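Undergrad: Pasting protein.cif below, which is mmCIF, C-alpha atoms and all ligand atoms.
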```
data_target
loop_
_atom_site.label_atom_id
_atom_site.label_comp_id
_atom_site.auth_asym_id
_atom_site.auth_seq_id
_atom_site.Cartn_x
_atom_site.Cartn_y
_atom_site.Cartn_z
CA MET A 1443 -51.73 -9.88 -5.84
CA LYS A 1444 -50.30 -13.29 -5.09
CA LEU A 1445 -48.42 -13.18 -8.39
CA MET A 1446 -46.91 -9.78 -7.56
CA ILE A 1447 -45.61 -11.09 -4.25
CA VAL A 1448 -44.07 -14.11 -5.97
CA VAL A 1449 -42.46 -11.89 -8.62
CA ALA A 1450 -41.10 -9.47 -6.01
CA GLY A 1451 -39.77 -12.39 -3.98
CA ALA A 1452 -37.99 -13.80 -7.01
CA ALA A 1453 -36.45 -10.38 -7.73
CA ILE A 1454 -35.12 -10.17 -4.17
CA LEU A 1455 -33.69 -13.66 -4.43
CA ALA A 1456 -32.05 -12.81 -7.76
CA GLY A 1457 -30.61 -9.60 -6.25
CA GLY A 1458 -29.18 -11.61 -3.38
CA ALA A 1459 -27.57 -14.07 -5.76
CA VAL A 1460 -25.95 -11.22 -7.73
CA MET A 1461 -24.57 -9.70 -4.52
CA ALA A 1462 -23.28 -13.08 -3.31
CA ALA A 1463 -21.55 -13.63 -6.66
CA ALA A 1464 -19.94 -10.18 -6.46
CA ALA A 1465 -18.74 -10.86 -2.91
CA ALA A 1466 -17.28 -14.21 -3.99
CA LYS A 1467 -15.48 -12.52 -6.89
CA ASP A 1468 -14.03 -9.89 -4.50
CA LYS A 1469 -12.90 -12.61 -2.14
CA VAL A 1470 -11.00 -14.32 -4.91
CA LYS A 1471 -9.54 -11.11 -6.24
CA TYR A 1472 -8.46 -9.48 -2.98
CA GLY A 1473 -7.89 -12.63 -0.94
CA VAL A 1474 -6.02 -14.97 -3.23
CA ASP A 1475 -5.57 -13.72 -6.71
CA TYR A 1476 -4.34 -10.16 -6.29
CA LYS A 1477 -1.15 -10.37 -8.31
CA PRO A 1478 1.06 -7.85 -10.08
CA GLN A 1479 -0.33 -7.21 -13.58
CA TRP A 1480 2.06 -6.28 -16.38
CA THR A 1481 1.52 -4.41 -19.65
CA GLU A 1482 2.78 -5.90 -22.93
CA ASN A 1483 5.98 -3.88 -22.67
CA GLY A 1484 6.69 -5.01 -19.12
CA GLU A 1485 5.39 -2.05 -17.14
CA LEU A 1486 3.58 -2.67 -13.87
CA LYS A 1487 -0.11 -1.76 -14.07
CA GLN A 1488 -1.47 0.34 -11.20
CA PRO A 1489 -2.73 -2.21 -8.63
CA GLU A 1490 -6.52 -1.92 -8.64
CA ASP A 1491 -8.16 -0.27 -5.60
CA PHE A 1492 -5.16 -1.23 -3.46
CA ARG A 1493 -6.62 0.56 -0.43
CA ARG A 1494 -8.59 -2.63 0.18
CA LEU A 1495 -5.43 -4.64 0.91
CA VAL A 1496 -3.85 -5.17 4.35
CA PHE A 1497 -2.58 -1.90 5.85
CA ILE A 1498 0.65 -2.54 7.76
CA GLY A 1499 2.05 0.84 8.74
CA SER A 1500 2.57 4.52 8.14
CA PRO A 1501 6.02 6.08 8.69
CA LEU A 1502 5.82 9.89 8.77
CA THR A 1503 8.48 12.38 7.66
CA PRO A 1504 6.86 15.83 7.91
CA ASN A 1505 8.46 19.07 6.70
CA GLY A 1506 8.31 20.38 10.28
CA LEU A 1507 10.95 17.84 11.34
CA ASN A 1508 13.11 18.16 8.18
CA ASP A 1509 14.10 21.84 8.02
CA GLY A 1510 10.87 22.63 6.18
CA ALA A 1511 11.89 20.61 3.11
CA ALA A 1512 11.33 16.86 3.53
CA GLY A 1513 11.86 14.80 0.38
CA PHE A 1514 8.60 13.04 1.19
CA PRO A 1515 6.65 15.31 3.54
CA GLU A 1516 3.90 12.77 4.03
CA TYR A 1517 2.63 9.71 5.84
CA HIS A 1518 3.83 6.61 3.96
CA ASN A 1519 0.83 4.29 4.13
CA VAL A 1520 1.98 0.75 3.31
CA TYR A 1521 -0.32 -2.01 2.03
CA VAL A 1522 0.39 -5.65 1.13
CA GLN A 1523 -1.75 -8.46 -0.32
CA PRO A 1524 -3.57 -10.62 2.27
CA LYS A 1525 -1.93 -13.72 0.82
CA ALA A 1526 1.59 -12.30 1.20
CA PHE A 1527 0.70 -11.10 4.71
CA GLU A 1528 -0.41 -14.62 5.69
CA ALA A 1529 2.68 -16.19 4.11
CA TYR A 1530 4.99 -13.83 6.02
CA ARG A 1531 3.23 -14.67 9.29
CA LYS A 1532 3.79 -18.37 8.65
CA SER A 1533 7.32 -18.40 7.24
CA GLY A 1534 8.91 -15.01 7.93
CA GLU A 1535 9.45 -14.60 4.19
CA TRP A 1536 7.69 -12.54 1.54
CA PRO A 1537 6.60 -14.89 -1.26
CA GLU A 1538 7.16 -14.41 -5.01
CA GLY A 1539 4.65 -11.88 -6.33
CA THR A 1540 4.52 -9.85 -3.09
CA MET A 1541 3.62 -6.21 -3.71
CA MET A 1542 4.32 -3.51 -1.16
CA ILE A 1543 2.26 -0.47 -2.04
CA LYS A 1544 3.15 2.82 -0.39
CA GLU A 1545 0.65 5.64 -0.76
CA LEU A 1546 1.81 9.06 0.37
CA GLN A 1547 -0.62 11.19 2.34
CA LEU A 1548 0.17 14.80 3.21
CA VAL A 1549 -0.14 16.18 6.71
CA LYS A 1550 -3.46 18.01 7.04
CA THR A 1551 -2.83 21.71 6.52
CA ASP A 1552 -4.92 24.86 6.82
CA ASP A 1553 -4.77 28.23 8.58
CA SER A 1554 -4.91 26.58 11.99
CA ASN A 1555 -1.58 24.77 11.60
CA PHE A 1556 1.40 25.75 13.73
CA GLU A 1557 4.59 26.65 11.87
CA ASP A 1558 5.91 23.08 12.12
CA GLY A 1559 2.79 21.72 10.42
CA SER A 1560 1.31 20.34 13.61
CA ARG A 1561 -2.19 21.30 14.74
CA LEU A 1562 -4.53 21.07 17.68
CA GLU A 1563 -7.30 18.52 17.48
CA PRO A 1564 -9.60 17.23 20.23
CA SER A 1565 -7.13 14.39 20.78
CA GLY A 1566 -4.17 16.72 21.33
CA ARG A 1567 -1.44 18.53 19.38
CA GLY A 1568 0.10 16.51 16.59
CA PHE A 1569 0.23 15.69 12.91
CA PHE A 1570 -2.94 14.52 11.19
CA PRO A 1571 -3.51 12.94 7.78
CA GLY A 1572 -4.75 15.13 4.91
CA VAL A 1573 -4.87 14.60 1.15
CA PRO A 1574 -3.20 11.69 -0.74
CA ASN A 1575 -0.14 12.72 -2.72
CA GLY A 1576 1.56 9.91 -4.61
CA MET A 1577 2.31 6.24 -4.78
CA ASP A 1578 5.26 3.83 -5.00
CA VAL A 1579 5.28 0.05 -5.38
CA SER A 1580 7.86 -2.68 -4.85
CA VAL A 1581 7.39 -6.15 -6.37
CA LYS A 1582 9.21 -9.35 -5.48
CA ASP A 1583 9.85 -11.26 -8.71
CA SER A 1584 13.09 -13.21 -8.94
CA SER A 1585 12.88 -13.75 -12.71
CA ARG A 1586 12.45 -10.07 -13.55
CA PHE A 1587 14.58 -8.44 -10.84
CA ALA A 1588 17.41 -10.86 -10.03
CA ASP A 1589 19.92 -7.99 -10.40
CA THR A 1590 18.41 -6.01 -7.53
CA ASN A 1591 17.93 -8.76 -4.90
CA ASN A 1592 14.69 -9.98 -6.56
CA TRP A 1593 12.72 -6.76 -6.00
CA GLY A 1594 11.65 -4.18 -8.61
CA TYR A 1595 10.63 -0.58 -7.77
CA PHE A 1596 7.99 1.58 -9.43
CA ASN A 1597 6.92 5.19 -9.03
CA PHE A 1598 3.35 6.05 -10.08
CA GLY A 1599 3.71 9.80 -9.46
CA HIS A 1600 4.35 12.17 -6.57
CA ASN A 1601 1.09 14.06 -6.94
CA ALA A 1602 -2.60 13.90 -6.04
CA PRO A 1603 -4.57 11.02 -7.67
CA PRO A 1604 -5.21 9.94 -10.34
CA TYR A 1605 -1.85 8.14 -10.36
CA ALA A 1606 -0.20 6.77 -13.53
CA ALA A 1607 -1.96 3.79 -15.13
CA SER A 1608 1.36 1.93 -15.36
CA ALA A 1609 5.01 2.48 -14.49
CA ALA A 1610 8.35 1.19 -15.78
CA ALA A 1611 10.82 -0.27 -13.29
CA ALA A 1612 12.94 2.53 -11.83
CA PRO A 1613 16.72 2.40 -12.33
CA ALA A 1614 18.58 0.68 -9.49
CA GLU A 1615 20.22 3.91 -8.34
CA ALA A 1616 16.83 5.64 -7.94
CA CYS A 1617 15.31 3.12 -5.53
CA ALA A 1618 16.78 -0.35 -5.10
CA SER A 1619 20.25 0.84 -4.10
CA CYS A 1620 18.98 2.54 -0.94
CA HIS A 1621 16.83 -0.49 -0.04
CA ILE A 1622 19.86 -2.77 -0.64
CA ALA A 1623 22.02 -0.61 1.61
CA ASN A 1624 19.55 0.03 4.41
CA ALA A 1625 16.52 -2.27 4.57
CA ASP A 1626 16.04 -4.49 7.61
CA GLU A 1627 15.26 -7.77 5.90
CA ASP A 1628 14.87 -8.92 2.28
CA MET A 1629 14.79 -5.34 0.91
CA VAL A 1630 11.84 -4.34 3.15
CA PHE A 1631 11.97 -1.90 6.10
CA VAL A 1632 9.99 -4.51 7.98
CA ASP A 1633 10.93 -3.32 11.47
CA PHE A 1634 8.43 -0.46 11.00
CA TYR A 1635 5.63 -2.97 10.31
CA LYS A 1636 6.54 -5.76 12.74
CA GLY A 1637 4.50 -4.28 15.58
CA VAL A 1638 1.30 -5.18 13.73
CA LEU A 1639 2.32 -8.24 11.69
CA ASP A 1640 1.90 -10.87 14.42
CA PRO A 1641 -1.50 -12.31 15.30
CA LEU A 1642 -3.03 -10.62 18.37
CA PRO A 1643 -2.69 -12.53 21.63
CA LYS A 1644 -5.99 -14.13 22.68
CA PRO A 1645 -7.87 -11.91 25.14
C1 LIG B 1 17.35 7.05 0.36
C2 LIG B 1 16.73 5.77 0.58
C3 LIG B 1 15.52 5.33 -0.22
C4 LIG B 1 15.29 5.47 -1.57
C5 LIG B 1 16.18 6.13 -2.62
C6 LIG B 1 14.01 4.85 -1.82
N1 LIG B 1 13.49 4.33 -0.67
FE1 LIG B 1 11.77 3.25 -0.50
N2 LIG B 1 11.95 3.31 1.51
C7 LIG B 1 13.01 3.85 2.22
C8 LIG B 1 12.73 3.77 3.66
C9 LIG B 1 13.67 4.24 4.79
C10 LIG B 1 11.46 3.17 3.78
C11 LIG B 1 10.69 2.88 5.08
C12 LIG B 1 10.45 4.15 5.87
C13 LIG B 1 9.65 5.19 5.17
O1 LIG B 1 8.74 4.88 4.39
O2 LIG B 1 9.92 6.37 5.42
C14 LIG B 1 11.01 2.86 2.41
C15 LIG B 1 9.85 2.21 2.12
C16 LIG B 1 9.42 1.87 0.85
C17 LIG B 1 8.28 1.05 0.54
C18 LIG B 1 7.40 0.32 1.56
C19 LIG B 1 7.92 -1.11 1.75
C20 LIG B 1 9.29 -1.19 2.39
O3 LIG B 1 10.22 -1.62 1.68
O4 LIG B 1 9.45 -0.84 3.57
C21 LIG B 1 8.16 1.04 -0.82
C22 LIG B 1 7.08 0.32 -1.61
C23 LIG B 1 9.22 1.83 -1.35
N3 LIG B 1 9.99 2.32 -0.31
C24 LIG B 1 9.41 2.08 -2.70
C25 LIG B 1 10.43 2.90 -3.19
C26 LIG B 1 10.52 3.32 -4.59
C27 LIG B 1 9.55 2.93 -5.70
C28 LIG B 1 11.64 4.11 -4.68
C29 LIG B 1 12.16 4.84 -5.89
C30 LIG B 1 11.25 5.68 -6.63
C31 LIG B 1 12.23 4.16 -3.35
N4 LIG B 1 11.48 3.42 -2.49
C32 LIG B 1 13.42 4.83 -3.07
C33 LIG B 1 14.18 4.34 1.69
C34 LIG B 1 14.37 4.62 0.35
#
```
Just give me the structure of the file as structure tokens.

TA:
Amino acid sequence: MKLMIVVAGAAILAGGAVMAAAAAKDKVKYGVDYKPQWTENGELKQPEDFRRLVFIGSPLTPNGLNDGAAGFPEYHNVYVQPKAFEAYRKSGEWPEGTMMIKELQLVKTDDSNFEDGSRLEPSGRGFFPGVPNGMDVSVKDSSRFADTNNWGYFNFGHNAPPYAASAAAAPAEACASCHIANADEDMVFVDFYKGVLDPLPKP
């Protein structure tokens, strides 16, 4: 009996150690070491489980407000690495290796929607998030993308997941040119994210 208790105790301890090791690995990966990964022919690999990164905003361009035919009729959920987020807070600049990941998420739709795509929920009438529908990434890398203000742009599909495993840099006229012409700061539409970038005031 005594032996069984000792054995069970050791198993619990071992389980704890495995979990602690996994947590430490996650901390390294998502906290510090979450960098763009490239294939041998220079395509960007799909950033792994990017929904665990820092969520900084969600512009919305629904069909109902774009004559029924928005180019991107979805929420644009934007994520960035914790390390880049911290660096921006400190210096106001996105460091080399920053990735902005934009996942598109359609407005929730079923028979109860109004014609403009809005619906009634207990919180009121409005637009509500539905299914994911595509993903785009921008990467700051001055050695690869000097020609387009140090940022490269990648489309991983405008469809439900799974998204492409890797993507080639899009031609400048497809993406970078509009960011060059219109972005608020260093190729990023940061004014849409600024409301949540600063540390919260102390209560
Ligand atoms: C016609 C202009 C235009 C083009 C072309 C364009 N974008 Fe953007 N992009 C925007 C605007 C405006 C935002 C912010 C507002 C929004 O998401 O609706 C944005 C936001 C982004 C973001 C979030 C980070 C940021 O910079 O704010 C990523 C990532 C992104 N775009 C990638 C791409 C990729 C990849 C392409 C090409 C496949 C592309 N964009 C083409 C206008 C454009």

Undergrad: Rank nothing, just name the residue among A:Ile1543, A:Met1461, A:Leu1548, A:Ala1588 nearest to ligand LIG 1 (chain B), using all atoms listed in the file.

TA: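 Among A:Ile1543, A:Met1461, A:Leu1548, A:Ala1588, it is A:Ile1543 that comes nearest to ligand LIG 1 (chain B).
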
Undergrad: Could you write out as lines of an AutoDock Vina configuration file the box around ligand LIG 1 (chain B) (axis-aligned, all atoms listed in the file, 6 Å on each side), with centre and edge lengths in Å to one decimal?

TA:
```
center_x = 12.2
center_y = 2.7
center_z = -0.4
size_x = 22.3
size_y = 20.7
size_z = 24.5
```

Undergrad: Which residues sit within 7 Å of ligand LIG 1 (chain B), counting all atoms listed in the file, listed as an NGL selection string?

TA: :A and (1501-1503 or 1518 or 1520 or 1542-1544 or 1578-1580 or 1595-1597 or 1612 or 1616-1621 or 1625 or 1629-1632)

Undergrad: Could you write out that same residue set with C-alpha atoms as a PDB file, keeping the file's coordinate frame?

TA:
```pdb
ATOM      1  CA  PRO A1501       6.020   6.080   8.690  1.00  0.00           C
ATOM      2  CA  LEU A1502       5.820   9.890   8.770  1.00  0.00           C
ATOM      3  CA  THR A1503       8.480  12.380   7.660  1.00  0.00           C
ATOM      4  CA  HIS A1518       3.830   6.610   3.960  1.00  0.00           C
ATOM      5  CA  VAL A1520       1.980   0.750   3.310  1.00  0.00           C
ATOM      6  CA  MET A1542       4.320  -3.510  -1.160  1.00  0.00           C
ATOM      7  CA  ILE A1543       2.260  -0.470  -2.040  1.00  0.00           C
ATOM      8  CA  LYS A1544       3.150   2.820  -0.390  1.00  0.00           C
ATOM      9  CA  ASP A1578       5.260   3.830  -5.000  1.00  0.00           C
ATOM     10  CA  VAL A1579       5.280   0.050  -5.380  1.00  0.00           C
ATOM     11  CA  SER A1580       7.860  -2.680  -4.850  1.00  0.00           C
ATOM     12  CA  TYR A1595      10.630  -0.580  -7.770  1.00  0.00           C
ATOM     13  CA  PHE A1596       7.990   1.580  -9.430  1.00  0.00           C
ATOM     14  CA  ASN A1597       6.920   5.190  -9.030  1.00  0.00           C
ATOM     15  CA  ALA A1612      12.940   2.530 -11.830  1.00  0.00           C
ATOM     16  CA  ALA A1616      16.830   5.640  -7.940  1.00  0.00           C
ATOM     17  CA  CYS A1617      15.310   3.120  -5.530  1.00  0.00           C
ATOM     18  CA  ALA A1618      16.780  -0.350  -5.100  1.00  0.00           C
ATOM     19  CA  SER A1619      20.250   0.840  -4.100  1.00  0.00           C
ATOM     20  CA  CYS A1620      18.980   2.540  -0.940  1.00  0.00           C
ATOM     21  CA  HIS A1621      16.830  -0.490  -0.040  1.00  0.00           C
ATOM     22  CA  ALA A1625      16.520  -2.270   4.570  1.00  0.00           C
ATOM     23  CA  MET A1629      14.790  -5.340   0.910  1.00  0.00           C
ATOM     24  CA  VAL A1630      11.840  -4.340   3.150  1.00  0.00           C
ATOM     25  CA  PHE A1631      11.970  -1.900   6.100  1.00  0.00           C
ATOM     26  CA  VAL A1632       9.990  -4.510   7.980  1.00  0.00           C
TER      27      VAL A1632
END
```

Undergrad: Which residue gives the smallest distance to Gly1513 in chain A among A:His1600, A:Arg1531, A:Lys1636, A:Arg1561, with all atoms listed in the file counted?

TA: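 Under the stated criterion, the closest residue is A:His1600.
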
Undergrad: Tell me which of A:Ala1464, A:Gly1534, A:Gly1499, A:Thr1481 sits closest to Val1638 in chain A, counting all atoms listed in the file.

TA: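 Among the listed residues, A:Gly1499 lies closest to Val1638 in chain A.
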
Undergrad: (0.8, 6.9, 1.6) in this file's frame - what residues fall within 7 Å of it? Use all atoms listed in the file and give the answer as a CSV table (one decimal) with C-alpha atoms, in the coordinates of the input.

TA:
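As written to disk, result-v5.csv reads:
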```csv
chain,number,residue,atom,x,y,z
A,1517,TYR,CA,2.6,9.7,5.8
A,1518,HIS,CA,3.8,6.6,4.0
A,1519,ASN,CA,0.8,4.3,4.1
A,1520,VAL,CA,2.0,0.8,3.3
A,1544,LYS,CA,3.2,2.8,-0.4
A,1545,GLU,CA,0.6,5.6,-0.8
A,1546,LEU,CA,1.8,9.1,0.4
A,1547,GLN,CA,-0.6,11.2,2.3
A,1574,PRO,CA,-3.2,11.7,-0.7
A,1576,GLY,CA,1.6,9.9,-4.6
A,1577,MET,CA,2.3,6.2,-4.8
```

Undergrad: Interatomic distance between CA of Pro1524 in chain A and CA of Tyr1476 in chain A?

TA: 8.6 Å

Undergrad: With a distance cut-off of 8 Å and all atoms listed in the file, select the neighbouring residues of Tyr1605 in chain A, excluding the residue or stretch itself and same-chain residues fewer than 2 positions from it, and output the selection as a PyMOL selection string.

TA: chain A and resi 1488+1576-1577+1598-1599+1601-1603+1607

Undergrad: To one decimal in Å, tell me the separation between CA of Glu1535 in chain A and CA of Leu1642 in chain A.

TA: 19.3 Å

Undergrad: Write out as a list of chain:residue names each polymer residue whose atoms come within 10 Å of Gly1572 in chain A, counting all atoms listed in the file; drop sequence neighbours fewer than 3 positions from it.

TA: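 Contacts, with the query itself left out: A:Glu1516, A:Tyr1517, A:Gln1547, A:Leu1548, A:Val1549, A:Lys1550, A:Thr1551, A:Asp1552, A:Phe1569, A:Asn1575.
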
Undergrad: To one decimal place in Å, what is the distance between CA of Ile1622 in chain A and CA of Ala1606 in chain A?

TA: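 Separation of CA of Ile1622 in chain A and CA of Ala1606 in chain A: 25.7 Å.
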
Undergrad: Measuring between all atoms listed in the file, which one of A:Trp1480, A:Asp1558, A:Asp1589, A:Arg1494 shows the shortest distance to Ala1512 in chain A?

TA: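 With all atoms listed in the file as the atom set, the closest residue is A:Asp1558.
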
Undergrad: Using only C-alpha atoms for the distances, tell me which of A:Asn1505, A:Asp1628, A:Ala1526, A:Tyr1521 is nearest to Pro1489 in chain A.

TA: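 Of A:Asn1505, A:Asp1628, A:Ala1526, A:Tyr1521, the one nearest Pro1489 in chain A is A:Tyr1521, counting only C-alpha atoms.
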
Undergrad: Pick from A:Asp1475, A:Gly1559, A:Asp1491, A:Lys1525: nearest to Asp1509 in chain A, with only C-alpha atoms counted?

TA: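 Comparing A:Asp1475, A:Gly1559, A:Asp1491, A:Lys1525 against Asp1509 in chain A, the winner is A:Gly1559.
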